[in-house]
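Heads up: the structure comes next, in structure tokens.
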Amino acid sequence: MPTLDLSEVALDVDMGSCFQVIRQNANTGIFVAGGFQPGPTQTLNFFGVIGVATPKQLQMFPEGDRIAGSEIVICNSMLYATSESREATSDLIVWHGLKYRVKSVAPWIDFGYVAAIVERMKGS
């Protein structure tokens with residue numbers, strides 16, 4: 001059965017914009033006295049569609065996690081939330097000078113895109 005390729009939506013130049021992703025290199029963080037010490041990071045340039053997350057999309061988060069503004073990011077490159085298996089913290093999205101932390105990722109790779117819910121970081 002053929003899969004539906006929706007990557008054109010993620011790459012639409014009329015709807016999309018450039019943003020940066022600050023990513024911790026996988027398996028470089030360590031646990032030390034006092035908690036997790038993240039490893040080195042790299043800054044990547046991405047392109048995708050960013051919009052306001054809907055209330056239905058936000059239902060998956062506890063009330064305490066909804067303090068700052070939330071957005072949805074749709075692109076064709078993988079984004080990562082904090083993961084024990086990667087031993088790395090969440091990607092940080094920098095868009096219009098504001099920083100957002102990736103909270104949840106829906107990897108719809110079979111359909112040509114990735115959708116992530118991101119939350120604006122305090123002080124950003």
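Residues in the structure tokens are numbered from 1 in each chain, the chains being A, B, ... in the order shown, and ligands are numbered from 1 in the order shown.
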
8 Å contact set for Thr41 in chain A, only C-alpha atoms, chain neighbours under 5 positions out, as a list in words: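 Selected residues are Ile22, Arg23, Gln24 and Asn25 of chain A.
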
Can you list, as number ranges by chain, all residues belonging to range 35-118 of chain A that DSSP tags as strand (DSSP E or B)? A: 35-37, 41-52, 70-75, 83, 88, 92-95, 98-106, 114-118

Would you export the selected residues with C-alpha atoms as an mmCIF file, in the first residue's frame, please?
data_model
loop_
_atom_site.group_PDB
_atom_site.id
_atom_site.type_symbol
_atom_site.label_atom_id
_atom_site.label_comp_id
_atom_site.auth_asym_id
_atom_site.auth_seq_id
_atom_site.Cartn_x
_atom_site.Cartn_y
_atom_site.Cartn_z
ATOM 1 C CA GLY A 35 22.250 15.466 38.586
ATOM 2 C CA PHE A 36 22.752 15.137 34.843
ATOM 3 C CA GLN A 37 25.589 17.074 33.199
ATOM 4 C CA THR A 41 25.918 20.824 21.663
ATOM 5 C CA GLN A 42 25.700 21.574 17.974
ATOM 6 C CA THR A 43 23.607 24.217 16.215
ATOM 7 C CA LEU A 44 21.671 23.076 13.140
ATOM 8 C CA ASN A 45 19.683 25.103 10.608
ATOM 9 C CA PHE A 46 16.188 23.746 9.865
ATOM 10 C CA PHE A 47 13.201 24.835 7.802
ATOM 11 C CA GLY A 48 9.590 24.089 8.637
ATOM 12 C CA VAL A 49 6.149 25.354 9.510
ATOM 13 C CA ILE A 50 5.667 26.739 13.031
ATOM 14 C CA GLY A 51 2.239 27.589 14.423
ATOM 15 C CA VAL A 52 0.291 27.845 17.643
ATOM 16 C CA SER A 70 3.401 26.456 23.150
ATOM 17 C CA GLU A 71 3.876 26.017 19.422
ATOM 18 C CA ILE A 72 3.807 23.121 16.990
ATOM 19 C CA VAL A 73 6.767 22.642 14.654
ATOM 20 C CA ILE A 74 6.337 20.633 11.453
ATOM 21 C CA CYS A 75 9.468 19.806 9.470
ATOM 22 C CA SER A 83 15.454 10.704 26.126
ATOM 23 C CA ALA A 88 20.542 13.589 25.916
ATOM 24 C CA LEU A 92 16.096 23.675 21.783
ATOM 25 C CA ILE A 93 14.390 25.560 18.954
ATOM 26 C CA VAL A 94 15.432 29.181 18.342
ATOM 27 C CA TRP A 95 12.787 31.023 16.329
ATOM 28 C CA LEU A 98 12.943 33.094 21.355
ATOM 29 C CA LYS A 99 13.985 29.699 22.711
ATOM 30 C CA TYR A 100 11.596 26.750 22.879
ATOM 31 C CA ARG A 101 12.203 23.292 24.393
ATOM 32 C CA VAL A 102 10.895 20.237 22.540
ATOM 33 C CA LYS A 103 8.338 18.557 24.821
ATOM 34 C CA SER A 104 6.828 15.878 22.566
ATOM 35 C CA VAL A 105 7.597 14.472 19.115
ATOM 36 C CA ALA A 106 5.311 12.648 16.679
ATOM 37 C CA VAL A 114 7.857 15.223 11.978
ATOM 38 C CA ALA A 115 5.540 17.197 14.294
ATOM 39 C CA ALA A 116 6.795 18.434 17.658
ATOM 40 C CA ILE A 117 5.150 20.381 20.457
ATOM 41 C CA VAL A 118 7.569 22.973 21.821
#

Any idea what the distance is between CA of Cys18 in chain A and CA of Arg120 in chain A?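 Distance between the two atoms: 17.1 Å.
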
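Across the structure, CA of Glu8 in chain A and CA of Thr82 in chain A are spaced 27.7 Å apart.
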
Mind pulling up the distance from CA of Asp5 in chain A to CA of Tyr113 in chain A?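 One can read the CA of Tyr113 in chain A to CA of Asp5 in chain A distance as 8.3 Å.
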
Mind checking DSSP for chain A and telling me the helix (DSSP H, G or I) residues as a list in words? Ser7, Glu8, Val9, Ala10, Pro55, Lys56, Gln57, Leu58, Glu63, Gly64, Asp65, Ile109, Asp110 and Phe111 of chain A

Identify which of the residues A:Pro40, A:Asp110, A:Val32, A:Ser77 lies closest to Leu11 in chain A, counting only C-alpha atoms when measuring atom-to-atom distances.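 Of A:Pro40, A:Asp110, A:Val32, A:Ser77, the one nearest Leu11 in chain A, counting only C-alpha atoms, is A:Ser77.
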
Taking only C-alpha atoms into account, name the residue in A:Met15, A:Gly29, A:Asn76, A:Lys122 that is nearest to Trp108 in chain A.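 When distances to Trp108 in chain A are compared using only C-alpha atoms, the smallest one comes from A:Asn76.
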
Shortest contact to Phe19 in chain A, candidates A:Gly34, A:His96, A:Ser90, A:Ala53, atoms counted only C-alpha atoms, goes to A:His96

Measuring between only C-alpha atoms, which one of A:Ala33, A:Gly39, A:Gly123, A:Val21 shows the shortest distance to Ala81 in chain A?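 Counting only C-alpha atoms, the residue closest to Ala81 in chain A is A:Val21.
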